[in-house]
file protein_31.cif (mmCIF, C-alpha atoms)
data_work
loop_
_atom_site.label_atom_id
_atom_site.label_comp_id
_atom_site.auth_asym_id
_atom_site.auth_seq_id
_atom_site.Cartn_x
_atom_site.Cartn_y
_atom_site.Cartn_z
CA MET Y 16 220.30 -91.33 27.88
CA SER Y 17 217.24 -90.91 25.74
CA GLY Y 18 218.63 -93.52 23.29
CA ARG Y 19 218.87 -96.07 26.12
CA ARG Y 20 215.32 -95.29 27.31
CA ASP Y 21 214.04 -95.71 23.75
CA ARG Y 22 215.80 -99.07 23.45
CA GLU Y 23 214.28 -100.23 26.76
CA ALA Y 24 210.83 -99.04 25.74
CA ARG Y 25 211.11 -100.81 22.37
CA ARG Y 26 212.32 -103.99 24.15
CA GLU Y 27 209.38 -103.88 26.57
CA GLN Y 28 206.96 -103.33 23.74
CA ARG Y 29 208.48 -106.27 21.81
CA LEU Y 30 208.21 -108.52 24.90
CA HIS Y 31 204.64 -107.40 25.42
CA GLU Y 32 203.78 -108.11 21.76
CA GLU Y 33 205.47 -111.52 21.96
CA GLU Y 34 203.52 -112.28 25.11
CA GLN Y 35 200.30 -111.29 23.40
CA VAL Y 36 201.09 -113.45 20.36
CA GLY Y 37 201.98 -116.32 22.72
CA ALA Y 38 198.72 -115.89 24.58
CA VAL Y 39 196.70 -115.88 21.36
CA GLU Y 40 198.52 -118.98 20.12
CA ARG Y 41 197.96 -120.68 23.49
CA ARG Y 42 194.26 -119.81 23.38
CA GLN Y 43 193.95 -121.19 19.86
CA ARG Y 44 195.78 -124.35 20.88
CA LEU Y 45 193.50 -124.85 23.89
CA ILE Y 46 190.34 -124.25 21.83
CA LYS Y 47 191.53 -126.80 19.25
CA LEU Y 48 192.38 -129.23 22.05
CA GLY Y 49 188.98 -128.71 23.68
CA SER Y 50 187.16 -129.21 20.37
CA ALA Y 51 189.12 -132.40 19.65
CA ALA Y 52 188.46 -133.73 23.17
CA GLY Y 53 184.77 -132.91 22.79
CA PHE Y 54 184.61 -134.68 19.42
CA LEU Y 55 186.37 -137.77 20.79
CA ALA Y 56 184.08 -137.84 23.83
CA LEU Y 57 181.01 -137.64 21.56
CA VAL Y 58 182.33 -140.53 19.44
CA ALA Y 59 182.98 -142.58 22.60
CA VAL Y 60 179.41 -141.98 23.84
CA ALA Y 61 178.00 -142.87 20.39
CA VAL Y 62 179.95 -146.16 20.41
CA LEU Y 63 178.68 -146.88 23.94
CA ILE Y 64 175.09 -146.32 22.82
CA VAL Y 65 175.45 -148.49 19.72
CA VAL Y 66 177.04 -151.31 21.74
CA SER Y 67 174.36 -151.05 24.43
CA GLN Y 68 171.46 -151.08 21.97
CA SER Y 69 172.91 -153.87 19.85
CA GLN Y 70 172.64 -156.12 22.91
CA THR Y 71 168.85 -155.74 22.82
CA GLY Y 72 168.40 -158.24 19.95
CA GLY Y 73 165.10 -160.07 19.61
CA GLY Y 74 162.13 -159.26 17.45
CA ASP Y 75 163.26 -161.63 14.71
CA ALA Y 76 160.41 -163.54 13.06
CA GLY Y 77 162.88 -165.91 11.44
CA ASN Y 78 164.59 -166.82 14.69
CA ILE Y 79 162.10 -167.56 17.45
CA ALA Y 80 164.05 -169.00 20.38
CA ASP Y 81 163.25 -170.83 23.63
CA ALA Y 82 159.94 -172.46 22.57
CA ALA Y 83 161.01 -175.72 24.22
CA GLU Y 84 161.88 -173.94 27.51
CA VAL Y 85 158.47 -172.24 27.57
CA ASP Y 86 156.72 -175.57 26.88
CA GLN Y 87 158.66 -177.14 29.72
CA GLN Y 88 157.87 -174.30 32.15
CA LEU Y 89 154.11 -174.47 31.52
CA ASP Y 90 153.84 -178.21 30.93
CA GLY Y 91 151.01 -179.82 32.86
CA ILE Y 92 149.41 -176.56 34.02
CA GLN Y 93 145.87 -175.92 32.90
CA GLN Y 94 145.15 -172.85 30.75
CA ASN Y 95 141.77 -171.23 30.17
CA GLY Y 96 141.85 -168.07 28.07
CA MET Y 97 144.50 -165.91 29.67
CA THR Y 98 144.29 -167.73 32.99
CA LEU Y 99 147.02 -170.10 34.05
CA GLY Y 100 146.21 -172.68 36.70
CA GLU Y 101 143.25 -174.51 38.21
CA PRO Y 102 140.04 -172.55 37.53
CA SER Y 103 138.85 -173.58 41.01
CA ALA Y 104 141.87 -172.00 42.77
CA LYS Y 105 140.52 -169.63 45.41
CA VAL Y 106 143.14 -166.95 44.93
CA THR Y 107 143.81 -165.10 41.69
CA LEU Y 108 146.94 -163.14 40.91
CA LEU Y 109 146.22 -160.61 38.17
CA GLU Y 110 149.15 -159.39 36.11
CA PHE Y 111 148.73 -156.19 34.10
CA ALA Y 112 151.49 -156.02 31.52
CA ASP Y 113 152.50 -154.83 28.09
CA LEU Y 114 154.12 -157.44 25.85
CA GLN Y 115 156.45 -154.77 24.50
CA CYS Y 116 157.64 -153.79 27.98
CA PRO Y 117 161.19 -154.93 28.81
CA PHE Y 118 160.51 -154.79 32.58
CA CYS Y 119 157.56 -157.16 32.09
CA LYS Y 120 159.91 -159.50 30.23
CA GLY Y 121 162.30 -159.27 33.19
CA PHE Y 122 159.50 -160.10 35.67
CA SER Y 123 158.32 -162.95 33.50
CA GLU Y 124 161.78 -164.48 33.44
CA SER Y 125 162.99 -163.79 36.97
CA MET Y 126 160.00 -163.56 39.33
CA LEU Y 127 156.98 -165.32 37.89
CA PRO Y 128 158.55 -168.78 37.40
CA GLU Y 129 158.90 -169.06 41.20
CA VAL Y 130 155.27 -168.06 41.76
CA ILE Y 131 154.10 -170.45 39.03
CA GLU Y 132 156.08 -173.34 40.52
CA ASN Y 133 155.18 -172.69 44.18
CA GLN Y 134 151.59 -171.50 43.94
CA VAL Y 135 150.05 -172.11 40.52
CA ARG Y 136 151.26 -175.59 39.65
CA ASN Y 137 149.89 -177.03 42.91
CA GLY Y 138 146.49 -175.38 42.37
CA GLU Y 139 146.76 -172.91 45.25
CA ALA Y 140 146.45 -169.87 43.01
CA LYS Y 141 145.71 -169.00 39.42
CA LEU Y 142 147.42 -166.31 37.39
CA THR Y 143 145.77 -164.12 34.77
CA PHE Y 144 147.48 -162.07 32.11
CA ASN Y 145 145.78 -158.75 31.43
CA ASN Y 146 146.95 -156.41 28.69
CA PHE Y 147 147.89 -152.92 29.90
CA THR Y 148 149.00 -151.39 26.61
CA ILE Y 149 151.01 -148.29 27.37
CA ILE Y 150 154.23 -148.65 25.37
CA GLY Y 151 152.84 -147.87 21.92
CA PRO Y 152 150.65 -148.83 18.97
CA GLU Y 153 152.39 -152.20 18.49
CA SER Y 154 151.33 -153.29 21.99
CA THR Y 155 147.69 -153.70 20.92
CA PRO Y 156 148.15 -156.24 18.08
CA ALA Y 157 150.62 -158.11 20.31
CA GLY Y 158 148.13 -158.27 23.18
CA ALA Y 159 145.27 -159.26 20.86
CA ALA Y 160 147.40 -162.05 19.41
CA ALA Y 161 148.02 -163.38 22.94
CA ILE Y 162 144.27 -163.39 23.71
CA ALA Y 163 143.58 -165.17 20.41
CA ALA Y 164 146.20 -167.79 21.35
CA GLY Y 165 144.46 -168.05 24.74
CA GLU Y 166 141.24 -169.02 22.98
CA GLN Y 167 143.09 -172.12 21.83
CA GLY Y 168 144.61 -172.84 25.25
CA ARG Y 169 148.06 -171.46 24.40
CA GLY Y 170 147.78 -167.90 25.74
CA TRP Y 171 150.49 -168.23 28.36
CA ASN Y 172 152.83 -170.02 25.96
CA PHE Y 173 152.34 -167.09 23.59
CA VAL Y 174 153.03 -164.50 26.31
CA GLU Y 175 156.15 -166.26 27.60
CA LEU Y 176 157.52 -166.91 24.13
CA PHE Y 177 156.81 -163.35 23.03
CA TYR Y 178 158.81 -162.03 26.01
CA ARG Y 179 161.73 -164.33 25.25
CA ASN Y 180 161.85 -162.98 21.70
CA GLN Y 181 160.91 -159.39 22.47
CA GLY Y 182 162.50 -156.66 20.32
CA ALA Y 183 163.11 -152.97 21.04
CA GLU Y 184 159.76 -151.31 21.67
CA ASN Y 185 157.97 -149.61 18.79
CA SER Y 186 160.72 -150.68 16.40
CA ASP Y 187 158.15 -152.14 13.97
CA TYR Y 188 159.07 -155.72 14.89
CA VAL Y 189 155.50 -156.66 15.87
CA THR Y 190 154.63 -157.69 12.32
CA ASP Y 191 152.15 -160.34 11.16
CA ALA Y 192 155.15 -162.54 10.40
CA PHE Y 193 156.60 -162.12 13.91
CA LEU Y 194 153.26 -162.74 15.64
CA THR Y 195 152.61 -165.79 13.45
CA ALA Y 196 156.07 -167.17 14.22
CA VAL Y 197 155.46 -166.72 17.96
CA ALA Y 198 151.99 -168.32 17.68
CA LYS Y 199 153.44 -171.32 15.85
CA GLY Y 200 156.28 -171.59 18.37
CA ALA Y 201 153.73 -171.38 21.20
CA GLY Y 202 151.90 -174.35 19.72
CA VAL Y 203 148.67 -172.61 18.67
CA PRO Y 204 146.97 -175.48 16.79
CA ASP Y 205 144.75 -173.56 14.35
CA ILE Y 206 146.69 -170.62 12.93
CA ALA Y 207 143.92 -169.61 10.51
CA ARG Y 208 141.43 -169.32 13.38
CA TRP Y 209 143.98 -167.49 15.52
CA ASN Y 210 144.53 -165.04 12.66
CA ALA Y 211 140.84 -164.28 12.44
CA ASP Y 212 140.42 -164.07 16.22
CA ARG Y 213 143.28 -161.68 16.85
CA LYS Y 214 141.76 -159.10 14.49
CA SER Y 215 138.21 -159.57 15.77
CA LYS Y 216 136.33 -156.79 17.55
CA PRO Y 217 135.72 -158.69 20.83
CA VAL Y 218 139.43 -159.52 21.19
CA LEU Y 219 140.52 -155.94 20.47
CA ALA Y 220 137.83 -154.72 22.87
CA GLU Y 221 139.23 -156.98 25.57
CA VAL Y 222 142.68 -155.41 25.16
CA ALA Y 223 141.13 -151.98 25.64
CA ALA Y 224 138.98 -153.18 28.55
CA THR Y 225 141.88 -154.63 30.57
CA THR Y 226 143.90 -151.47 29.94
CA ALA Y 227 141.00 -149.40 31.29
CA LYS Y 228 140.73 -151.81 34.24
CA ALA Y 229 144.42 -151.29 35.08
CA GLU Y 230 143.95 -147.54 34.99
CA GLY Y 231 140.86 -147.93 37.15
CA LEU Y 232 142.97 -149.76 39.73
CA GLY Y 233 145.29 -146.76 39.77
CA PHE Y 234 148.25 -148.42 38.08
CA THR Y 235 150.73 -146.16 36.34
CA GLY Y 236 153.36 -148.63 35.21
CA THR Y 237 153.89 -152.17 33.96
CA PRO Y 238 153.99 -154.81 35.17
CA SER Y 239 151.47 -154.16 37.92
CA PHE Y 240 149.83 -156.85 39.97
CA ALA Y 241 146.61 -157.26 41.91
CA VAL Y 242 145.26 -160.09 44.01
CA GLU Y 243 141.76 -161.38 44.63
CA GLY Y 244 140.65 -164.05 47.05
CA PRO Y 245 138.58 -164.83 50.14
CA GLY Y 246 140.92 -162.69 52.24
CA THR Y 247 140.59 -159.56 50.08
CA THR Y 248 137.83 -157.06 49.52
CA GLY Y 249 137.40 -157.36 45.78
CA ILE Y 250 140.51 -156.87 43.67
CA GLU Y 251 143.36 -155.56 45.81
CA PRO Y 252 146.06 -153.65 43.89
CA LEU Y 253 149.65 -154.60 44.75
CA GLY Y 254 151.47 -152.35 42.29
CA THR Y 255 154.91 -153.51 41.16
CA PRO Y 256 156.37 -155.87 43.77
CA ASP Y 257 160.07 -155.98 44.61
CA SER Y 258 160.38 -159.75 44.76
CA ALA Y 259 158.65 -163.06 44.15
CA SER Y 260 158.30 -163.53 47.92
CA ASP Y 261 156.29 -160.26 48.08
CA LEU Y 262 153.90 -161.75 45.55
CA GLU Y 263 153.74 -165.05 47.38
CA SER Y 264 153.02 -163.43 50.75
CA ALA Y 265 150.28 -161.30 49.12
CA LEU Y 266 148.77 -164.53 47.76
CA SER Y 267 148.98 -166.18 51.20
CA SER Y 268 147.18 -163.32 52.93
CA ALA Y 269 144.50 -163.34 50.22
CA ARG Y 270 143.60 -166.95 51.11
CA MET L 11 179.59 -109.21 20.24
CA LYS L 12 181.11 -109.01 23.68
CA ALA L 13 180.81 -112.17 25.79
CA PRO L 14 179.22 -111.87 29.23
CA ALA L 15 181.63 -111.71 32.18
CA GLU L 16 182.99 -115.13 33.11
CA GLY L 17 181.51 -114.80 36.59
CA THR L 18 178.07 -114.37 35.04
CA LEU L 19 178.52 -117.46 32.85
CA ARG L 20 179.71 -119.49 35.83
CA GLY L 21 176.74 -118.29 37.88
CA ILE L 22 174.34 -119.31 35.10
CA ALA L 23 176.03 -122.72 34.76
CA THR L 24 175.90 -123.23 38.55
CA PHE L 25 172.17 -122.50 38.57
CA PHE L 26 171.32 -124.79 35.64
CA ALA L 27 173.57 -127.63 36.85
CA THR L 28 171.95 -127.52 40.31
CA PHE L 29 168.52 -127.55 38.70
CA GLY L 30 169.66 -130.46 36.50
CA ILE L 31 170.80 -132.48 39.51
CA GLY L 32 167.31 -132.04 40.97
CA VAL L 33 165.52 -133.16 37.79
CA ALA L 34 167.80 -136.16 37.16
CA THR L 35 167.62 -137.22 40.81
CA TYR L 36 163.82 -137.14 40.71
CA ILE L 37 163.76 -139.33 37.58
CA ALA L 38 166.28 -141.78 39.08
CA ILE L 39 164.42 -142.05 42.42
CA ALA L 40 161.03 -142.49 40.70
CA ASP L 41 162.53 -145.25 38.55
CA SER L 42 164.32 -147.03 41.37
CA GLY L 43 161.03 -147.37 43.26
CA GLY L 44 159.74 -149.57 40.45
CA GLY L 45 157.50 -146.78 39.17
CA SER L 46 158.08 -143.90 36.83
CA PRO L 47 158.19 -140.10 36.99
CA VAL L 48 154.75 -138.51 37.12
CA CYS L 49 154.02 -136.17 34.23
CA ILE L 50 152.82 -132.92 35.79
CA ALA L 51 150.57 -132.23 32.80
CA GLY L 52 149.13 -135.76 32.99
CA GLY L 53 149.28 -138.55 30.43
CA HIS L 54 151.34 -141.71 30.14
CA GLY L 55 154.37 -140.11 28.44
CA CYS L 56 156.71 -140.32 31.42
CA GLN L 57 155.92 -143.93 32.27
CA THR L 58 156.14 -145.00 28.63
CA VAL L 59 159.58 -143.42 28.34
CA ALA L 60 160.72 -144.75 31.73
CA GLU L 61 159.64 -148.28 30.89
CA SER L 62 161.24 -148.28 27.48
CA SER L 63 164.46 -150.24 27.05
CA TYR L 64 166.11 -146.96 26.05
CA SER L 65 165.74 -145.67 29.62
CA HIS L 66 168.72 -147.83 30.59
CA LEU L 67 172.21 -147.91 29.17
CA LEU L 68 174.38 -150.91 30.08
CA GLY L 69 171.79 -151.72 32.74
CA VAL L 70 172.02 -148.31 34.38
CA ASN L 71 169.19 -145.76 34.27
CA VAL L 72 170.22 -142.87 32.01
CA ALA L 73 169.11 -140.49 34.79
CA VAL L 74 172.05 -141.76 36.87
CA PHE L 75 174.40 -140.73 34.05
CA GLY L 76 172.54 -137.41 34.14
CA ILE L 77 173.18 -136.93 37.86
CA VAL L 78 176.90 -137.66 37.41
CA GLY L 79 177.06 -135.29 34.43
CA TYR L 80 175.31 -132.45 36.22
CA VAL L 81 177.47 -132.88 39.35
CA LEU L 82 180.63 -132.69 37.22
CA LEU L 83 179.24 -129.66 35.36
CA LEU L 84 178.48 -128.02 38.70
CA ALA L 85 182.07 -128.63 39.78
CA CYS L 86 183.34 -127.10 36.51
CA ALA L 87 181.12 -124.06 37.07
CA LEU L 88 182.41 -123.57 40.61
CA LEU L 89 186.09 -123.99 39.70
CA ARG L 90 188.32 -121.41 38.04
CA GLY L 91 190.93 -121.86 35.32
CA ASP L 92 191.42 -123.45 31.92
CA GLY L 93 190.93 -127.03 33.16
CA ALA L 94 187.42 -126.21 34.40
CA ARG L 95 186.65 -124.18 31.26
CA MET L 96 187.63 -127.02 28.93
CA ALA L 97 186.15 -129.83 31.01
CA GLY L 98 182.89 -127.87 31.25
CA PHE L 99 182.79 -127.52 27.48
CA VAL L 100 183.58 -131.19 26.78
CA LEU L 101 181.11 -132.49 29.39
CA SER L 102 178.31 -130.20 28.28
CA LEU L 103 178.95 -131.11 24.62
CA VAL L 104 178.59 -134.80 25.47
CA GLY L 105 175.51 -134.07 27.60
CA PHE L 106 174.00 -131.99 24.81
CA GLY L 107 174.68 -134.70 22.20
CA PHE L 108 173.23 -137.37 24.49
CA SER L 109 170.15 -135.21 25.17
CA LEU L 110 169.65 -134.77 21.40
CA TYR L 111 169.80 -138.56 20.96
CA LEU L 112 167.30 -139.15 23.82
CA THR L 113 164.92 -136.51 22.47
CA TYR L 114 165.15 -138.10 19.02
CA LEU L 115 164.26 -141.49 20.60
CA GLU L 116 161.30 -139.97 22.43
CA LEU L 117 159.94 -138.35 19.28
CA PHE L 118 160.58 -141.01 16.67
CA THR L 119 161.10 -144.38 18.40
CA ILE L 120 159.29 -144.44 21.73
CA ASP L 121 156.54 -142.10 20.44
CA ALA L 122 156.11 -140.51 23.84
CA ILE L 123 157.38 -137.37 25.50
CA CYS L 124 158.42 -137.18 29.13
CA GLN L 125 158.33 -133.62 30.44
CA TRP L 126 161.12 -134.34 32.92
CA CYS L 127 163.38 -135.54 30.11
CA VAL L 128 162.52 -132.46 28.05
CA ALA L 129 163.32 -130.28 31.07
CA SER L 130 166.70 -131.99 31.38
CA ALA L 131 167.38 -131.60 27.65
CA VAL L 132 166.62 -127.86 27.86
CA LEU L 133 168.90 -127.46 30.92
CA MET L 134 171.69 -129.38 29.17
CA THR L 135 171.32 -127.17 26.07
CA LEU L 136 171.59 -124.02 28.20
CA LEU L 137 174.63 -125.47 29.99
CA PHE L 138 176.21 -126.27 26.63
CA VAL L 139 175.69 -122.68 25.44
CA ALA L 140 177.07 -121.20 28.70
CA ASN L 141 180.10 -123.51 28.76
CA THR L 142 180.86 -123.02 25.06
CA VAL L 143 180.80 -119.22 25.41
CA ARG L 144 182.94 -119.51 28.55
CA MET L 145 185.53 -121.66 26.83
CA LEU L 146 185.70 -119.68 23.58
CA ALA L 147 185.84 -116.32 25.35
CA TYR L 148 188.03 -117.07 28.32
CA VAL L 149 190.22 -120.14 27.77
CA GLY L 150 193.90 -119.17 27.82
CA THR L 151 193.19 -115.88 29.60
CA ARG L 152 194.26 -115.07 33.13
CA ARG L 153 190.88 -113.72 34.15
#
call {"tool": "encode", "arguments": {"input": "protein_31.cif", "output": "structure tokens"}}
result
Amino acid sequence: MSGRRDREARREQRLHEEEQVGAVERRQRLIKLGSAAGFLALVAVAVLIVVSQSQTGGGDAGNIADAAEVDQQLDGIQQNGMTLGEPSAKVTLLEFADLQCPFCKGFSESMLPEVIENQVRNGEAKLTFNNFTIIGPESTPAGAAAIAAGEQGRGWNFVELFYRNQGAENSDYVTDAFLTAVAKGAGVPDIARWNADRKSKPVLAEVAATTAKAEGLGFTGTPSFAVEGPGTTGIEPLGTPDSASDLESALSSAR
Amino acid sequence: MKAPAEGTLRGIATFFATFGIGVATYIAIADSGGGSPVCIAGGHGCQTVAESSYSHLLGVNVAVFGIVGYVLLLACALLRGDGARMAGFVLSLVGFGFSLYLTYLELFTIDAICQWCVASAVLMTLLFVANTVRMLAYVGTRR
């Protein structure tokens, strides 16, 4: 009897040990599986990021695109400094933007063309570009270069062309070569003068002044807009509008 | 060293994931309104980060990916079993890796720090630690 009990006890112990070994092996297998799945998921996310960022493009001094489109868009509209449109227009739409800002680029390409065509081209309103440099150190030389182009009547061409060739922010693409290529593409006639102007104290001071003005109006993001006209009390902040029609109705009520 | 009880780890993960949903939702809502999150300590850091091209991946705000990630991590924390243990580990590893990448961008590319993003990175790191301990200590066990 005791021999049979011993055999049963040994059998139970063996089964228990086998179960324990099986459980350990299963745990190790699952940990390996989890680690492999985690590694693969990380690789997949890395690929997604690389693909997404590679679509950014732009910022290439040797490949400035869309100069002809910008010329066509602004053709026949008067420019004075950073103001686009008839100087006598009663209503002014003030844009506060950072040339490095991708949202500003989006606004410039999707919303502003409608406003320019419907309100600025016919002399009903004028549009001013004001630097609001918040993205980083490269925003200041970019903004100063736009103002310097504006002193030769090509400020808006510079702004629009810069946006169309914008690189990833603070990626060191705002070089002298890039700015010069944009200025040439924008049709700035005297590049030597532009070069001197963009580094001059008054131009750099203007970049700082418009940034301070934007902050004074309570803006926290770019692009932000404000409107001024007979129907407003001074400069009326609009913030960041949702659509071109919002901008147009703000201009109408400012008349 | 003995791992904490699985219930404790799941409780910690539930707390951090819920917190994470709140932070990511705030960033996403602030962004969708055309503005940016407001830095509690002041400064332009949050708006600079929010307006950078890196704030969107394939046209979608990264905070939206954050909300999805935290919701899935919350589900993993609430569920029992090996599936939840392993999914929690994999998801938090990806979230941790992505947070490292975003923090690197803030420090070295965008040159601005957003406190909300830092808060999310800290939460994701804590979730990664909790989920890793949970998986290593309890996967394959019946507890």
call {"tool": "interface_residues", "arguments": {"input": "protein_31.cif", "of": "chain Y", "to": "chain L", "cutoff": "8 Å", "atoms": "only C-alpha atoms", "output": "PDB file with C-alpha atoms, in the coordinates of the input"}}
result
ATOM      1  CA  ALA Y  38     198.720-115.890  24.580  1.00  0.00           C
ATOM      2  CA  VAL Y  39     196.700-115.880  21.360  1.00  0.00           C
ATOM      3  CA  ARG Y  41     197.960-120.680  23.490  1.00  0.00           C
ATOM      4  CA  ARG Y  42     194.260-119.810  23.380  1.00  0.00           C
ATOM      5  CA  LEU Y  45     193.500-124.850  23.890  1.00  0.00           C
ATOM      6  CA  ILE Y  46     190.340-124.250  21.830  1.00  0.00           C
ATOM      7  CA  GLY Y  49     188.980-128.710  23.680  1.00  0.00           C
ATOM      8  CA  SER Y  50     187.160-129.210  20.370  1.00  0.00           C
ATOM      9  CA  ALA Y  52     188.460-133.730  23.170  1.00  0.00           C
ATOM     10  CA  GLY Y  53     184.770-132.910  22.790  1.00  0.00           C
ATOM     11  CA  ALA Y  56     184.080-137.840  23.830  1.00  0.00           C
ATOM     12  CA  LEU Y  57     181.010-137.640  21.560  1.00  0.00           C
ATOM     13  CA  VAL Y  60     179.410-141.980  23.840  1.00  0.00           C
ATOM     14  CA  ILE Y  64     175.090-146.320  22.820  1.00  0.00           C
ATOM     15  CA  SER Y  67     174.360-151.050  24.430  1.00  0.00           C
ATOM     16  CA  GLN Y  68     171.460-151.080  21.970  1.00  0.00           C
ATOM     17  CA  CYS Y 116     157.640-153.790  27.980  1.00  0.00           C
ATOM     18  CA  PRO Y 117     161.190-154.930  28.810  1.00  0.00           C
ATOM     19  CA  PHE Y 118     160.510-154.790  32.580  1.00  0.00           C
ATOM     20  CA  ILE Y 149     151.010-148.290  27.370  1.00  0.00           C
ATOM     21  CA  ILE Y 150     154.230-148.650  25.370  1.00  0.00           C
ATOM     22  CA  GLY Y 151     152.840-147.870  21.920  1.00  0.00           C
ATOM     23  CA  ALA Y 183     163.110-152.970  21.040  1.00  0.00           C
ATOM     24  CA  GLU Y 184     159.760-151.310  21.670  1.00  0.00           C
ATOM     25  CA  ASN Y 185     157.970-149.610  18.790  1.00  0.00           C
ATOM     26  CA  SER Y 186     160.720-150.680  16.400  1.00  0.00           C
ATOM     27  CA  THR Y 235     150.730-146.160  36.340  1.00  0.00           C
ATOM     28  CA  GLY Y 236     153.360-148.630  35.210  1.00  0.00           C
ATOM     29  CA  THR Y 237     153.890-152.170  33.960  1.00  0.00           C
ATOM     30  CA  THR Y 255     154.910-153.510  41.160  1.00  0.00           C
ATOM     31  CA  PRO Y 256     156.370-155.870  43.770  1.00  0.00           C
ATOM     32  CA  ASP Y 257     160.070-155.980  44.610  1.00  0.00           C
TER      33      ASP Y 257
END
call {"tool": "residues_near_point", "arguments": {"input": "protein_31.cif", "point": "(144.5, -157.4, 22.3)", "cutoff": "7 Å", "atoms": "only C-alpha atoms", "output": "ChimeraX atom specification"}}
result
/Y:146,155-162,218-219,221-222
call {"tool": "resolve_selection", "arguments": {"input": "protein_31.cif", "expression": "the PyMOL selection byres ((chain L and resi 15) around 12)", "output": "list in words"}}
result
Lys12, Ala13, Pro14, Glu16, Gly17, Thr18, Leu19, Arg20, Gly21, Ile22, Ala140, Val143, Arg144, Met145, Ala147, Tyr148 and Arg153 of chain L
call {"tool": "closest_residue", "arguments": {"input": "protein_31.cif", "among": "Y:Gln167, Y:Thr107, Y:Arg208, Y:Leu89", "to": "Y:Glu251", "atoms": "only C-alpha atoms"}}
result
Y:Thr107
call {"tool": "atom_distance", "arguments": {"input": "protein_31.cif", "atom1": "atom CA of Y:Pro204", "atom2": "atom CA of Y:Asp90"}}
result
16.0 Å
call {"tool": "resolve_selection", "arguments": {"input": "protein_31.cif", "expression": "the PyMOL selection byres ((chain L and resi 109) around 12)", "output": "JSON, numbers by chain"}}
result
{"Y": [57, 60, 61], "L": [72, 73, 75, 76, 79, 102, 103, 104, 105, 106, 107, 108, 110, 111, 112, 113, 114, 115, 116, 126, 127, 128, 129, 130, 131, 132, 133, 134, 135, 136, 137, 138]}
call {"tool": "closest_residue", "arguments": {"input": "protein_31.cif", "among": "Y:Gly18, Y:Gly200, Y:Pro128, Y:Pro238", "to": "Y:Gln88", "atoms": "all atoms listed in the file"}}
result
Y:Pro128
call {"tool": "atom_distance", "arguments": {"input": "protein_31.cif", "atom1": "atom CA of Y:Ala196", "atom2": "atom CA of Y:Leu108"}}
result
28.5 Å
call {"tool": "decode", "arguments": {"input": "protein_31.cif", "residues": "stretch 131-144 of chain Y", "atoms": "N, CA and C atoms", "output": "PDB file, in the first residue's frame"}}
result
ATOM      1  N   ILE Y 131      -7.682  88.774 -50.855  1.00  0.00           N
ATOM      2  CA  ILE Y 131      -6.930  89.663 -51.759  1.00  0.00           C
ATOM      3  C   ILE Y 131      -7.749  89.914 -53.031  1.00  0.00           C
ATOM      4  N   GLU Y 132      -8.317  88.854 -53.577  1.00  0.00           N
ATOM      5  CA  GLU Y 132      -9.079  89.008 -54.829  1.00  0.00           C
ATOM      6  C   GLU Y 132     -10.366  89.812 -54.632  1.00  0.00           C
ATOM      7  N   ASN Y 133     -11.084  89.536 -53.520  1.00  0.00           N
ATOM      8  CA  ASN Y 133     -12.405  90.160 -53.323  1.00  0.00           C
ATOM      9  C   ASN Y 133     -12.372  91.541 -52.689  1.00  0.00           C
ATOM     10  N   GLN Y 134     -11.329  91.816 -51.917  1.00  0.00           N
ATOM     11  CA  GLN Y 134     -11.359  93.069 -51.148  1.00  0.00           C
ATOM     12  C   GLN Y 134     -10.161  93.981 -51.417  1.00  0.00           C
ATOM     13  N   VAL Y 135      -8.998  93.383 -51.680  1.00  0.00           N
ATOM     14  CA  VAL Y 135      -7.792  94.212 -51.810  1.00  0.00           C
ATOM     15  C   VAL Y 135      -7.604  94.673 -53.259  1.00  0.00           C
ATOM     16  N   ARG Y 136      -7.786  93.772 -54.180  1.00  0.00           N
ATOM     17  CA  ARG Y 136      -7.555  94.112 -55.587  1.00  0.00           C
ATOM     18  C   ARG Y 136      -8.459  95.263 -56.051  1.00  0.00           C
ATOM     19  N   ASN Y 137      -9.707  95.292 -55.534  1.00  0.00           N
ATOM     20  CA  ASN Y 137     -10.631  96.346 -55.968  1.00  0.00           C
ATOM     21  C   ASN Y 137     -10.514  97.626 -55.130  1.00  0.00           C
ATOM     22  N   GLY Y 138      -9.528  97.653 -54.211  1.00  0.00           N
ATOM     23  CA  GLY Y 138      -9.274  98.886 -53.463  1.00  0.00           C
ATOM     24  C   GLY Y 138     -10.165  99.087 -52.253  1.00  0.00           C
ATOM     25  N   GLU Y 139     -10.974  98.072 -51.910  1.00  0.00           N
ATOM     26  CA  GLU Y 139     -11.862  98.234 -50.749  1.00  0.00           C
ATOM     27  C   GLU Y 139     -11.097  98.137 -49.424  1.00  0.00           C
ATOM     28  N   ALA Y 140     -10.056  97.343 -49.428  1.00  0.00           N
ATOM     29  CA  ALA Y 140      -9.275  97.177 -48.190  1.00  0.00           C
ATOM     30  C   ALA Y 140      -7.801  97.053 -48.542  1.00  0.00           C
ATOM     31  N   LYS Y 141      -6.961  97.333 -47.554  1.00  0.00           N
ATOM     32  CA  LYS Y 141      -5.537  97.056 -47.742  1.00  0.00           C
ATOM     33  C   LYS Y 141      -5.098  96.060 -46.657  1.00  0.00           C
ATOM     34  N   LEU Y 142      -4.038  95.365 -46.963  1.00  0.00           N
ATOM     35  CA  LEU Y 142      -3.586  94.269 -46.091  1.00  0.00           C
ATOM     36  C   LEU Y 142      -2.140  94.533 -45.685  1.00  0.00           C
ATOM     37  N   THR Y 143      -1.871  94.483 -44.381  1.00  0.00           N
ATOM     38  CA  THR Y 143      -0.475  94.700 -43.967  1.00  0.00           C
ATOM     39  C   THR Y 143       0.077  93.439 -43.322  1.00  0.00           C
ATOM     40  N   PHE Y 144       1.345  93.165 -43.649  1.00  0.00           N
ATOM     41  CA  PHE Y 144       2.020  92.028 -43.026  1.00  0.00           C
ATOM     42  C   PHE Y 144       2.862  92.558 -41.874  1.00  0.00           C
TER      43      PHE Y 144
END
